[in-house]
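Student: Sharing a structure below in structure tokens format, with a few things to ask.
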Amino acid sequence: MTKIAQIIAYDVENEEQSQPVVHGAGPYAVEVIDGPNQGMCIRFTTSLLIGRADRCDLVIKAGGIAQEHTRIEMRYGRWTAVNLNPEMRTLKNGAPIQVSGVADGDVLTIGPSRLRLALDEAGYDPRDATPAPWFGRKKLLLGASVGLLVLVTLAVLLAAYSTSRESRLQTEWAKELVADNTKDMCRLSSLLFQARHLADAGNNEEAKERLQSILRLECGNEEAKRLLESIEDKEKKQAELIRQRELHTALTREAVQPHLRDAEHRMATGDMAGARAALGAALAIDPNLPEANDILSDIEIRNKALRQASEGKVDNARQRQEQLRVLQKEAAANLKSGAQFKALLAYRRIAALETNPVHQAEVRRKIEAIQASLTERAAADLALAQRLIEQKQPVEAYQILSKIVALYPEAKDAQAKLETLRPRIGAEAKRLYEEGVASAAQGDQATAQARFRAVITLLPKSDNIAQLAAQKLQPAVSTAGKAP
């Protein structure tokens with residue numbers, strides 16, 4: 001006996017036992033297993049409409065159920081349950097659905113009623129479906145005799161009408177089914193095409209909106225799921241690539257700055273060979289360094305002036321004027337960029353080369369003004385550093401003092417305080433290094449790299465702990481370099 005026959009079968013040996021009430025005909029069935037109309041079984045062939053309206057195939061008069069609530073129909077070669085009223089829910093095996101495929105044995109919850117689906121037509125035999133008895137076996141014979149007379153009469157009268165009505169309804173249902181299927185298929189195809197086009201154009205957010213709309217209409221659409229996963233994976237890879245590039249750029253900039261400062265300092269002191277070597281070390285780290293051309297141009301100008309002086313191609317006056325012109329240009333550029341100490345060094349060299357007393361006096365006034373500005377600026381920062389020391393914030397004080405010394409290396413008070421803080425900063429750097437090692441051991445690479453960079457920021461490059469921290473960061477730099 002098939003599963004549908006099992007739903008509607010009853011024990012003919014026990015006439016007192018309650019049995020399902022069966023209506024309709026067809027190889028598929030829906031049984032009300034809980035709630036209003038419990039025990040009712042509706043058979044159908046192509047589709048089944050469930051709701052409160054009398055025009056529905058399965059009428060359930062209860063609150064929480066729309067006039068036309070749910071339709072069960074064949075779509076794309078499989079049975080599909082469609083929720084017809086978005087304001088009221090339809091659950092499949094306890095999960096809410098809008099449009100979802102259903103299978104034999106699934107349970108739909110509609111308002112207070114629970115319906116079990118029998119969609120397996122294998123072995124279906126119309127004789128398996130036996131109408132629910134209204135009387136016992138003995139009374140059934142009498143009722144059947146009377147009913148037969150009535151039915152023969154009604155059958156003749158209603159045959160033409162029933163045939164016409166059933167044919168018309170089936171035609172309308174078929175047209176409605178084809179129209180709905182065509183509409184849904186066109187909409188899904190259009191959304192999927194738009195999503196692919198947007199993803200190819202790089203508009204990932206709009207593409208994801210289209211795909212999510214598809215999944216709301218058909219949660220099991222595998223092609224939409226695959227495309228959505230592909231877009232999300234692509235976004236993750238792009239974000240990681242950008243992060244690696246930014247990290248590589250930051251680390252490269254941090255590594256090249258000491259060489260640039262060394263080149264500028266050597267050039268200011270007249271050591272052109274040393275300046276060129278320092279610039280070469282910077283270019284070895286970053287071949288596309290934008291500052292390299294300006295520094296190299298100044299080196300060439302000074303080297304040319306020195307060669308001309310050594311070879312006797314120009315007299316001392318012209319050589320001195322050329323040097324003065326270069327130094328004045330350098331001093332003006334340094335003042336404009338805020339590098340006052342570099343400007344001070346340039347003006348001191350100008351004062352040494354200048355022979356005109358009027359010009360010498362003017363240069364000395366500029367030197368005194370720059371020294372006064374540097375001293376005033378250093379004094380303000382020095383006072384702030386002293387307050388931080390008194391407030392037991394040695395790291396912040398150390399950073400301010402380092403800034404003072406970098407801007408004005410002749411600030412002796414700042415250098416003295418810096419030396420007194422070095423042991424405490426060394427201890428803090430050691431603590432940060434140990435925290436970085438512990439974080440790396442726990443797999444927290446972001447925290448570990450932050451601690452190692454903090455160590456490098458606090459200590460000079462020659463310090464052992466700073467070198468160890470740089471070695472710990474080396475794998476991250478290598479990985480960032482390979483990412484592009």
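Letters A, B, ... go to the chains of the structure tokens in the order shown; residues in each chain start at 1; ligands are counted from 1 in the same order.
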May I have the residues within 12 Å of segment 201-206 of chain A as a VMD selection string, using only C-alpha atoms and disregarding those fewer than 2 positions away in the same chain?

Tutor: chain A and resid 191 to 192 194 to 199 208 to 213 227 to 236 238

Student: Name the residues in contact with Arg114 of chain A at a cut-off of 8 Å, using only C-alpha atoms, excluding same-chain residues fewer than 5 positions from it; report them as a list in words.

Tutor: Val32, Ile33, Asp34, Gly35, Val107, Leu108 and Thr109 of chain A

Student: Interatomic distance between atom CA of Ile425 of chain A and atom CA of Thr252 of chain A?

Tutor: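 A separation of 24.7 Å between them.
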
Student: When you draw a straight line from atom CA of Thr45 of chain A to atom CA of Ala25 of chain A, how long is it in Å?

Tutor: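 It comes out at 7.4 Å.
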
Student: Contacts of segment 343-351 of chain A at 12 Å or less, counting only C-alpha atoms, minus same-chain residues fewer than 5 places along, as a PyMOL selection string?

Tutor: chain A and resi 264-270+320-338+356-374+407-410

Student: Between A:Asp444, A:Leu459, A:Leu432, A:Ile50, which is the closest to Tyr398 of chain A once you count only C-alpha atoms?

Tutor: A:Leu459

Student: Find, counting only C-alpha atoms, the residue in A:Arg75, A:Glu291, A:Leu149, A:Ala207 that gets nearest to Thr182 of chain A.

Tutor: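 Closest to Thr182 of chain A, using only C-alpha atoms: A:Arg75.
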
Student: What lies within 9 Å of Ile465 of chain A using only C-alpha atoms, ignoring chain neighbours under 5 positions off, as a PyMOL selection string?

Tutor: chain A and resi 426+429-430+433+455-456+459+470

Student: Within 10 Å of Leu401 of chain A, counting only C-alpha atoms, which residues show up once you throw out same-chain ones fewer than 2 positions away? Write them as a PDB file with all heavy atoms, in the first residue's frame, please.

Tutor:
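This is the output file result-v3.pdb:
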```pdb
ATOM      1  N   ALA A 378      62.929  74.529  21.702  1.00  0.00           N
ATOM      2  CA  ALA A 378      63.439  73.419  22.510  1.00  0.00           C
ATOM      3  C   ALA A 378      63.076  73.595  23.978  1.00  0.00           C
ATOM      4  O   ALA A 378      62.781  72.630  24.690  1.00  0.00           O
ATOM      5  CB  ALA A 378      64.948  73.301  22.347  1.00  0.00           C
ATOM      6  N   ASP A 381      59.449  72.505  24.529  1.00  0.00           N
ATOM      7  CA  ASP A 381      59.339  71.035  24.513  1.00  0.00           C
ATOM      8  C   ASP A 381      60.052  70.414  25.699  1.00  0.00           C
ATOM      9  O   ASP A 381      59.618  69.389  26.238  1.00  0.00           O
ATOM     10  CB  ASP A 381      59.919  70.489  23.209  1.00  0.00           C
ATOM     11  CG  ASP A 381      59.053  70.820  22.012  1.00  0.00           C
ATOM     12  OD1 ASP A 381      57.856  71.116  22.220  1.00  0.00           O
ATOM     13  OD2 ASP A 381      59.576  70.773  20.884  1.00  0.00           O
ATOM     14  N   LEU A 382      61.166  71.045  26.125  1.00  0.00           N
ATOM     15  CA  LEU A 382      61.905  70.525  27.274  1.00  0.00           C
ATOM     16  C   LEU A 382      61.073  70.631  28.550  1.00  0.00           C
ATOM     17  O   LEU A 382      61.063  69.722  29.382  1.00  0.00           O
ATOM     18  CB  LEU A 382      63.221  71.286  27.414  1.00  0.00           C
ATOM     19  CG  LEU A 382      64.258  70.694  28.367  1.00  0.00           C
ATOM     20  CD1 LEU A 382      64.689  69.323  27.884  1.00  0.00           C
ATOM     21  CD2 LEU A 382      65.470  71.616  28.467  1.00  0.00           C
ATOM     22  N   LEU A 384      57.813  70.589  28.678  1.00  0.00           N
ATOM     23  CA  LEU A 384      56.775  69.557  28.569  1.00  0.00           C
ATOM     24  C   LEU A 384      57.341  68.181  28.915  1.00  0.00           C
ATOM     25  O   LEU A 384      56.702  67.396  29.628  1.00  0.00           O
ATOM     26  CB  LEU A 384      56.209  69.547  27.147  1.00  0.00           C
ATOM     27  CG  LEU A 384      55.167  68.458  26.835  1.00  0.00           C
ATOM     28  CD1 LEU A 384      53.979  68.579  27.779  1.00  0.00           C
ATOM     29  CD2 LEU A 384      54.721  68.547  25.384  1.00  0.00           C
ATOM     30  N   ALA A 385      58.546  67.904  28.440  1.00  0.00           N
ATOM     31  CA  ALA A 385      59.179  66.619  28.765  1.00  0.00           C
ATOM     32  C   ALA A 385      59.429  66.488  30.257  1.00  0.00           C
ATOM     33  O   ALA A 385      59.235  65.414  30.849  1.00  0.00           O
ATOM     34  CB  ALA A 385      60.488  66.483  27.989  1.00  0.00           C
ATOM     35  N   GLN A 386      59.833  67.599  30.904  1.00  0.00           N
ATOM     36  CA  GLN A 386      60.076  67.558  32.349  1.00  0.00           C
ATOM     37  C   GLN A 386      58.786  67.262  33.114  1.00  0.00           C
ATOM     38  O   GLN A 386      58.778  66.488  34.081  1.00  0.00           O
ATOM     39  CB  GLN A 386      60.675  68.901  32.802  1.00  0.00           C
ATOM     40  CG  GLN A 386      61.027  68.964  34.284  1.00  0.00           C
ATOM     41  CD  GLN A 386      62.061  67.932  34.680  1.00  0.00           C
ATOM     42  OE1 GLN A 386      63.005  67.686  33.927  1.00  0.00           O
ATOM     43  NE2 GLN A 386      61.887  67.306  35.822  1.00  0.00           N
ATOM     44  N   VAL A 395      58.102  57.238  28.708  1.00  0.00           N
ATOM     45  CA  VAL A 395      58.113  56.952  27.274  1.00  0.00           C
ATOM     46  C   VAL A 395      57.737  58.197  26.482  1.00  0.00           C
ATOM     47  O   VAL A 395      58.409  58.561  25.501  1.00  0.00           O
ATOM     48  CB  VAL A 395      57.150  55.793  26.958  1.00  0.00           C
ATOM     49  CG1 VAL A 395      57.039  55.584  25.450  1.00  0.00           C
ATOM     50  CG2 VAL A 395      57.611  54.508  27.630  1.00  0.00           C
ATOM     51  N   GLU A 396      56.667  58.886  26.890  1.00  0.00           N
ATOM     52  CA  GLU A 396      56.266  60.101  26.199  1.00  0.00           C
ATOM     53  C   GLU A 396      57.345  61.185  26.306  1.00  0.00           C
ATOM     54  O   GLU A 396      57.634  61.893  25.332  1.00  0.00           O
ATOM     55  CB  GLU A 396      54.946  60.627  26.758  1.00  0.00           C
ATOM     56  CG  GLU A 396      53.725  59.753  26.463  1.00  0.00           C
ATOM     57  CD  GLU A 396      53.646  58.532  27.374  1.00  0.00           C
ATOM     58  OE1 GLU A 396      54.517  58.385  28.255  1.00  0.00           O
ATOM     59  OE2 GLU A 396      52.728  57.723  27.172  1.00  0.00           O
ATOM     60  N   ALA A 397      57.957  61.311  27.508  1.00  0.00           N
ATOM     61  CA  ALA A 397      59.035  62.280  27.680  1.00  0.00           C
ATOM     62  C   ALA A 397      60.220  61.942  26.791  1.00  0.00           C
ATOM     63  O   ALA A 397      60.836  62.823  26.167  1.00  0.00           O
ATOM     64  CB  ALA A 397      59.469  62.303  29.145  1.00  0.00           C
ATOM     65  N   TYR A 398      60.553  60.658  26.691  1.00  0.00           N
ATOM     66  CA  TYR A 398      61.680  60.219  25.858  1.00  0.00           C
ATOM     67  C   TYR A 398      61.424  60.558  24.389  1.00  0.00           C
ATOM     68  O   TYR A 398      62.321  61.015  23.670  1.00  0.00           O
ATOM     69  CB  TYR A 398      61.869  58.713  26.033  1.00  0.00           C
ATOM     70  CG  TYR A 398      63.063  58.145  25.301  1.00  0.00           C
ATOM     71  CD1 TYR A 398      64.321  58.134  25.885  1.00  0.00           C
ATOM     72  CD2 TYR A 398      62.941  57.633  24.020  1.00  0.00           C
ATOM     73  CE1 TYR A 398      65.429  57.636  25.215  1.00  0.00           C
ATOM     74  CE2 TYR A 398      64.031  57.125  23.337  1.00  0.00           C
ATOM     75  CZ  TYR A 398      65.277  57.122  23.949  1.00  0.00           C
ATOM     76  OH  TYR A 398      66.351  56.614  23.296  1.00  0.00           O
ATOM     77  N   GLN A 399      60.185  60.363  23.926  1.00  0.00           N
ATOM     78  CA  GLN A 399      59.863  60.686  22.535  1.00  0.00           C
ATOM     79  C   GLN A 399      59.983  62.187  22.260  1.00  0.00           C
ATOM     80  O   GLN A 399      60.483  62.591  21.206  1.00  0.00           O
ATOM     81  CB  GLN A 399      58.463  60.192  22.205  1.00  0.00           C
ATOM     82  CG  GLN A 399      58.332  58.666  22.201  1.00  0.00           C
ATOM     83  CD  GLN A 399      56.904  58.191  22.009  1.00  0.00           C
ATOM     84  OE1 GLN A 399      55.971  58.965  22.179  1.00  0.00           O
ATOM     85  NE2 GLN A 399      56.742  56.915  21.682  1.00  0.00           N
ATOM     86  N   LYS A 403      62.699  64.055  19.821  1.00  0.00           N
ATOM     87  CA  LYS A 403      62.275  65.011  18.814  1.00  0.00           C
ATOM     88  C   LYS A 403      63.093  66.307  18.916  1.00  0.00           C
ATOM     89  O   LYS A 403      63.516  66.883  17.903  1.00  0.00           O
ATOM     90  CB  LYS A 403      60.787  65.297  18.985  1.00  0.00           C
ATOM     91  CG  LYS A 403      60.236  66.340  18.041  1.00  0.00           C
ATOM     92  CD  LYS A 403      58.767  66.588  18.339  1.00  0.00           C
ATOM     93  CE  LYS A 403      58.223  67.737  17.503  1.00  0.00           C
ATOM     94  NZ  LYS A 403      56.820  68.037  17.837  1.00  0.00           N
ATOM     95  N   ILE A 404      63.332  66.767  20.167  1.00  0.00           N
ATOM     96  CA  ILE A 404      64.133  67.986  20.359  1.00  0.00           C
ATOM     97  C   ILE A 404      65.530  67.797  19.785  1.00  0.00           C
ATOM     98  O   ILE A 404      66.054  68.643  19.051  1.00  0.00           O
ATOM     99  CB  ILE A 404      64.203  68.343  21.854  1.00  0.00           C
ATOM    100  CG1 ILE A 404      62.801  68.709  22.388  1.00  0.00           C
ATOM    101  CG2 ILE A 404      65.173  69.495  22.090  1.00  0.00           C
ATOM    102  CD1 ILE A 404      62.750  68.898  23.879  1.00  0.00           C
ATOM    103  N   VAL A 405      66.158  66.660  20.116  1.00  0.00           N
ATOM    104  CA  VAL A 405      67.526  66.401  19.663  1.00  0.00           C
ATOM    105  C   VAL A 405      67.579  66.267  18.140  1.00  0.00           C
ATOM    106  O   VAL A 405      68.530  66.694  17.493  1.00  0.00           O
ATOM    107  CB  VAL A 405      68.084  65.135  20.349  1.00  0.00           C
ATOM    108  CG1 VAL A 405      69.426  64.741  19.763  1.00  0.00           C
ATOM    109  CG2 VAL A 405      68.216  65.371  21.848  1.00  0.00           C
ATOM    110  N   ALA A 406      66.527  65.648  17.549  1.00  0.00           N
ATOM    111  CA  ALA A 406      66.505  65.513  16.097  1.00  0.00           C
ATOM    112  C   ALA A 406      66.396  66.872  15.417  1.00  0.00           C
ATOM    113  O   ALA A 406      67.016  67.109  14.370  1.00  0.00           O
ATOM    114  CB  ALA A 406      65.341  64.622  15.677  1.00  0.00           C
ATOM    115  N   LEU A 407      65.613  67.789  16.004  1.00  0.00           N
ATOM    116  CA  LEU A 407      65.446  69.115  15.429  1.00  0.00           C
ATOM    117  C   LEU A 407      66.628  70.042  15.731  1.00  0.00           C
ATOM    118  O   LEU A 407      66.993  70.887  14.917  1.00  0.00           O
ATOM    119  CB  LEU A 407      64.147  69.757  15.946  1.00  0.00           C
ATOM    120  CG  LEU A 407      62.835  69.109  15.480  1.00  0.00           C
ATOM    121  CD1 LEU A 407      61.654  69.760  16.172  1.00  0.00           C
ATOM    122  CD2 LEU A 407      62.698  69.231  13.967  1.00  0.00           C
ATOM    123  N   ALA A 411      71.098  70.940  21.452  1.00  0.00           N
ATOM    124  CA  ALA A 411      70.363  71.159  22.703  1.00  0.00           C
ATOM    125  C   ALA A 411      70.924  70.236  23.782  1.00  0.00           C
ATOM    126  O   ALA A 411      70.520  69.084  23.916  1.00  0.00           O
ATOM    127  CB  ALA A 411      68.878  70.926  22.483  1.00  0.00           C
ATOM    128  N   ASP A 413      70.822  70.319  27.127  1.00  0.00           N
ATOM    129  CA  ASP A 413      69.943  69.923  28.236  1.00  0.00           C
ATOM    130  C   ASP A 413      69.067  68.738  27.836  1.00  0.00           C
ATOM    131  O   ASP A 413      68.866  67.795  28.609  1.00  0.00           O
ATOM    132  CB  ASP A 413      69.064  71.101  28.656  1.00  0.00           C
ATOM    133  CG  ASP A 413      69.872  72.202  29.321  1.00  0.00           C
ATOM    134  OD1 ASP A 413      71.007  71.912  29.769  1.00  0.00           O
ATOM    135  OD2 ASP A 413      69.378  73.343  29.383  1.00  0.00           O
ATOM    136  N   ALA A 414      68.544  68.784  26.605  1.00  0.00           N
ATOM    137  CA  ALA A 414      67.710  67.685  26.126  1.00  0.00           C
ATOM    138  C   ALA A 414      68.527  66.400  25.999  1.00  0.00           C
ATOM    139  O   ALA A 414      68.066  65.310  26.349  1.00  0.00           O
ATOM    140  CB  ALA A 414      67.086  68.045  24.785  1.00  0.00           C
ATOM    141  N   GLN A 415      69.786  66.531  25.517  1.00  0.00           N
ATOM    142  CA  GLN A 415      70.640  65.346  25.402  1.00  0.00           C
ATOM    143  C   GLN A 415      70.934  64.732  26.765  1.00  0.00           C
ATOM    144  O   GLN A 415      70.941  63.505  26.935  1.00  0.00           O
ATOM    145  CB  GLN A 415      71.941  65.715  24.689  1.00  0.00           C
ATOM    146  CG  GLN A 415      71.755  66.052  23.214  1.00  0.00           C
ATOM    147  CD  GLN A 415      73.045  66.453  22.554  1.00  0.00           C
ATOM    148  OE1 GLN A 415      74.039  66.711  23.227  1.00  0.00           O
ATOM    149  NE2 GLN A 415      73.034  66.539  21.224  1.00  0.00           N
ATOM    150  N   ALA A 416      71.142  65.601  27.761  1.00  0.00           N
ATOM    151  CA  ALA A 416      71.437  65.092  29.112  1.00  0.00           C
ATOM    152  C   ALA A 416      70.235  64.338  29.687  1.00  0.00           C
ATOM    153  O   ALA A 416      70.371  63.236  30.249  1.00  0.00           O
ATOM    154  CB  ALA A 416      71.834  66.254  30.018  1.00  0.00           C
ATOM    155  N   LYS A 417      69.049  64.923  29.555  1.00  0.00           N
ATOM    156  CA  LYS A 417      67.858  64.247  30.072  1.00  0.00           C
ATOM    157  C   LYS A 417      67.587  62.949  29.302  1.00  0.00           C
ATOM    158  O   LYS A 417      67.111  61.956  29.855  1.00  0.00           O
ATOM    159  CB  LYS A 417      66.638  65.176  29.972  1.00  0.00           C
ATOM    160  CG  LYS A 417      66.683  66.349  30.943  1.00  0.00           C
ATOM    161  CD  LYS A 417      65.427  67.180  30.860  1.00  0.00           C
ATOM    162  CE  LYS A 417      65.490  68.350  31.814  1.00  0.00           C
ATOM    163  NZ  LYS A 417      65.536  67.923  33.216  1.00  0.00           N
ATOM    164  N   LEU A 418      67.895  62.984  28.010  1.00  0.00           N
ATOM    165  CA  LEU A 418      67.700  61.786  27.194  1.00  0.00           C
ATOM    166  C   LEU A 418      68.575  60.649  27.693  1.00  0.00           C
ATOM    167  O   LEU A 418      68.148  59.490  27.750  1.00  0.00           O
ATOM    168  CB  LEU A 418      68.014  62.120  25.729  1.00  0.00           C
ATOM    169  CG  LEU A 418      67.440  61.201  24.650  1.00  0.00           C
ATOM    170  CD1 LEU A 418      65.923  61.182  24.726  1.00  0.00           C
ATOM    171  CD2 LEU A 418      67.894  61.673  23.282  1.00  0.00           C
ATOM    172  N   GLU A 419      69.805  60.978  28.052  1.00  0.00           N
ATOM    173  CA  GLU A 419      70.717  59.944  28.558  1.00  0.00           C
ATOM    174  C   GLU A 419      70.235  59.370  29.896  1.00  0.00           C
ATOM    175  O   GLU A 419      70.371  58.175  30.160  1.00  0.00           O
ATOM    176  CB  GLU A 419      72.122  60.521  28.713  1.00  0.00           C
ATOM    177  CG  GLU A 419      72.817  60.830  27.396  1.00  0.00           C
ATOM    178  CD  GLU A 419      72.999  59.590  26.551  1.00  0.00           C
ATOM    179  OE1 GLU A 419      73.233  58.502  27.134  1.00  0.00           O
ATOM    180  OE2 GLU A 419      72.882  59.685  25.320  1.00  0.00           O
ATOM    181  N   LEU A 421      67.194  59.024  30.780  1.00  0.00           N
ATOM    182  CA  LEU A 421      66.000  58.193  30.559  1.00  0.00           C
ATOM    183  C   LEU A 421      66.300  56.893  29.823  1.00  0.00           C
ATOM    184  O   LEU A 421      65.460  56.000  29.766  1.00  0.00           O
ATOM    185  CB  LEU A 421      64.953  58.972  29.751  1.00  0.00           C
ATOM    186  CG  LEU A 421      64.184  60.071  30.495  1.00  0.00           C
ATOM    187  CD1 LEU A 421      63.266  60.793  29.533  1.00  0.00           C
ATOM    188  CD2 LEU A 421      63.373  59.479  31.640  1.00  0.00           C
TER     189      LEU A 421
END
```

Student: Name all residues at most 8 Å from Val99 of chain A (count only C-alpha atoms; drop same-chain ones fewer than 4 positions away) and give them as a list of chain:residue names.

Tutor: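 Result of the neighbour search: A:Thr80, A:Ala81, A:Val82, A:Asn83, A:Arg216, A:Leu217, A:Glu218, A:Cys219.
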
Student: Could you save those same residues with N, CA, C and O atoms as a PDB file, in the first residue's frame?

Tutor:
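again27.pdb, freshly written:
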```
ATOM      1  N   THR A  80       6.952  22.813  -5.310  1.00  0.00           N
ATOM      2  CA  THR A  80       7.375  24.059  -4.671  1.00  0.00           C
ATOM      3  C   THR A  80       6.232  24.601  -3.821  1.00  0.00           C
ATOM      4  O   THR A  80       5.074  24.578  -4.239  1.00  0.00           O
ATOM      5  N   ALA A  81       6.567  25.067  -2.619  1.00  0.00           N
ATOM      6  CA  ALA A  81       5.595  25.743  -1.753  1.00  0.00           C
ATOM      7  C   ALA A  81       5.830  27.243  -1.850  1.00  0.00           C
ATOM      8  O   ALA A  81       6.964  27.704  -1.696  1.00  0.00           O
ATOM      9  N   VAL A  82       4.753  28.024  -2.115  1.00  0.00           N
ATOM     10  CA  VAL A  82       4.854  29.466  -2.311  1.00  0.00           C
ATOM     11  C   VAL A  82       3.987  30.159  -1.259  1.00  0.00           C
ATOM     12  O   VAL A  82       2.781  29.889  -1.158  1.00  0.00           O
ATOM     13  N   ASN A  83       4.603  31.047  -0.458  1.00  0.00           N
ATOM     14  CA  ASN A  83       3.864  31.847   0.513  1.00  0.00           C
ATOM     15  C   ASN A  83       3.243  33.033  -0.218  1.00  0.00           C
ATOM     16  O   ASN A  83       3.951  33.896  -0.736  1.00  0.00           O
ATOM     17  N   ARG A 216      16.408  35.405  -1.666  1.00  0.00           N
ATOM     18  CA  ARG A 216      15.148  35.604  -0.936  1.00  0.00           C
ATOM     19  C   ARG A 216      13.979  34.984  -1.691  1.00  0.00           C
ATOM     20  O   ARG A 216      13.029  34.483  -1.091  1.00  0.00           O
ATOM     21  N   LEU A 217      14.060  35.005  -3.042  1.00  0.00           N
ATOM     22  CA  LEU A 217      12.998  34.398  -3.839  1.00  0.00           C
ATOM     23  C   LEU A 217      13.149  32.880  -3.921  1.00  0.00           C
ATOM     24  O   LEU A 217      12.157  32.142  -3.893  1.00  0.00           O
ATOM     25  N   GLU A 218      14.413  32.414  -4.022  1.00  0.00           N
ATOM     26  CA  GLU A 218      14.674  30.972  -4.144  1.00  0.00           C
ATOM     27  C   GLU A 218      15.940  30.664  -3.352  1.00  0.00           C
ATOM     28  O   GLU A 218      17.054  30.812  -3.841  1.00  0.00           O
ATOM     29  N   CYS A 219      15.730  30.272  -2.090  1.00  0.00           N
ATOM     30  CA  CYS A 219      16.858  30.108  -1.171  1.00  0.00           C
ATOM     31  C   CYS A 219      17.822  29.016  -1.610  1.00  0.00           C
ATOM     32  O   CYS A 219      18.974  28.986  -1.183  1.00  0.00           O
TER      33      CYS A 219
END
```

Student: Go through A:Asn37, A:Gln98, A:Leu58, A:Ile214 one by one, measure the shortest atom-to-atom distance of each to Phe193 of chain A using only C-alpha atoms, and give the residue with the smallest value.

Tutor: A:Ile214

Student: Quick one: pick out all strand (DSSP E or B) residues within segment 17-48 of chain A from a backbone DSSP run and write them as an mmCIF file with N, CA, C and O atoms, in the first residue's frame.

Tutor:
```
data_model
loop_
_atom_site.group_PDB
_atom_site.id
_atom_site.type_symbol
_atom_site.label_atom_id
_atom_site.label_comp_id
_atom_site.auth_asym_id
_atom_site.auth_seq_id
_atom_site.Cartn_x
_atom_site.Cartn_y
_atom_site.Cartn_z
ATOM 1 N N VAL A 21 -10.688 12.233 7.060
ATOM 2 C CA VAL A 21 -11.740 12.565 6.111
ATOM 3 C C VAL A 21 -11.046 12.940 4.807
ATOM 4 O O VAL A 21 -10.293 13.919 4.763
ATOM 5 N N VAL A 22 -11.287 12.171 3.744
ATOM 6 C CA VAL A 22 -10.564 12.327 2.489
ATOM 7 C C VAL A 22 -11.449 13.052 1.486
ATOM 8 O O VAL A 22 -12.626 12.717 1.331
ATOM 9 N N HIS A 23 -10.854 14.035 0.794
ATOM 10 C CA HIS A 23 -11.541 14.763 -0.259
ATOM 11 C C HIS A 23 -10.653 14.826 -1.481
ATOM 12 O O HIS A 23 -9.423 14.832 -1.358
ATOM 13 N N TYR A 28 -1.316 12.697 -5.253
ATOM 14 C CA TYR A 28 -0.612 13.422 -4.191
ATOM 15 C C TYR A 28 -1.632 13.835 -3.135
ATOM 16 O O TYR A 28 -2.827 14.000 -3.419
ATOM 17 N N ALA A 29 -1.140 14.029 -1.897
ATOM 18 C CA ALA A 29 -2.079 14.344 -0.820
ATOM 19 C C ALA A 29 -1.427 15.241 0.219
ATOM 20 O O ALA A 29 -0.206 15.307 0.338
ATOM 21 N N VAL A 30 -2.281 15.984 0.953
ATOM 22 C CA VAL A 30 -1.882 16.791 2.098
ATOM 23 C C VAL A 30 -2.796 16.406 3.261
ATOM 24 O O VAL A 30 -4.028 16.423 3.117
ATOM 25 N N GLU A 31 -2.216 16.049 4.401
ATOM 26 C CA GLU A 31 -3.004 15.635 5.581
ATOM 27 C C GLU A 31 -2.825 16.667 6.684
ATOM 28 O O GLU A 31 -1.693 17.080 6.992
ATOM 29 N N VAL A 32 -3.946 17.114 7.284
ATOM 30 C CA VAL A 32 -3.899 18.024 8.422
ATOM 31 C C VAL A 32 -3.636 17.167 9.660
ATOM 32 O O VAL A 32 -4.499 16.403 10.094
ATOM 33 N N ILE A 33 -2.431 17.298 10.240
ATOM 34 C CA ILE A 33 -2.051 16.446 11.377
ATOM 35 C C ILE A 33 -2.204 17.159 12.708
ATOM 36 O O ILE A 33 -2.094 16.529 13.753
ATOM 37 N N ASP A 34 -2.482 18.476 12.673
ATOM 38 C CA ASP A 34 -2.652 19.197 13.931
ATOM 39 C C ASP A 34 -3.383 20.496 13.644
ATOM 40 O O ASP A 34 -3.219 21.103 12.584
ATOM 41 N N MET A 40 -8.244 15.731 8.335
ATOM 42 C CA MET A 40 -8.686 15.893 6.952
ATOM 43 C C MET A 40 -7.528 15.610 6.005
ATOM 44 O O MET A 40 -6.383 15.985 6.285
ATOM 45 N N CYS A 41 -7.801 14.973 4.876
ATOM 46 C CA CYS A 41 -6.794 14.648 3.866
ATOM 47 C C CYS A 41 -7.316 15.104 2.511
ATOM 48 O O CYS A 41 -8.423 14.758 2.120
ATOM 49 N N ILE A 42 -6.516 15.933 1.810
ATOM 50 C CA ILE A 42 -6.889 16.467 0.507
ATOM 51 C C ILE A 42 -5.950 15.898 -0.550
ATOM 52 O O ILE A 42 -4.727 16.013 -0.420
ATOM 53 N N ARG A 43 -6.563 15.288 -1.580
ATOM 54 C CA ARG A 43 -5.759 14.797 -2.697
ATOM 55 C C ARG A 43 -5.758 15.834 -3.823
ATOM 56 O O ARG A 43 -6.723 16.587 -3.995
ATOM 57 N N PHE A 44 -4.677 15.823 -4.619
ATOM 58 C CA PHE A 44 -4.610 16.747 -5.741
ATOM 59 C C PHE A 44 -3.683 16.168 -6.807
ATOM 60 O O PHE A 44 -2.953 15.212 -6.566
ATOM 61 N N SER A 47 -1.846 21.138 -8.514
ATOM 62 C CA SER A 47 -1.536 22.178 -7.524
ATOM 63 C C SER A 47 -2.618 22.161 -6.449
ATOM 64 O O SER A 47 -3.705 21.601 -6.637
ATOM 65 N N LEU A 48 -2.277 22.820 -5.321
ATOM 66 C CA LEU A 48 -3.213 22.857 -4.191
ATOM 67 C C LEU A 48 -3.120 24.240 -3.564
ATOM 68 O O LEU A 48 -2.024 24.707 -3.212
#
```

Student: I'd like the neighbourhood of Asp286 of chain A as a list in words, where a residue qualifies if any of its atoms comes within 9 Å (using only C-alpha atoms), though same-chain residues fewer than 2 positions away should be ignored.

Tutor: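 Counting only C-alpha atoms, the residues come to Thr252, Arg253, Val256, Ala281, Ala282, Leu283, Ala284, Asn288 and Leu289 of chain A.
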
Student: Per DSSP on the backbone, filter segment 275-468 of chain A down to the residues in alpha helix (DSSP H) and report them as a ChimeraX atom specification.

Tutor: /A:275-285,292-311,316-337,340-353,357-390,394-407,412-441,445-458,464-468
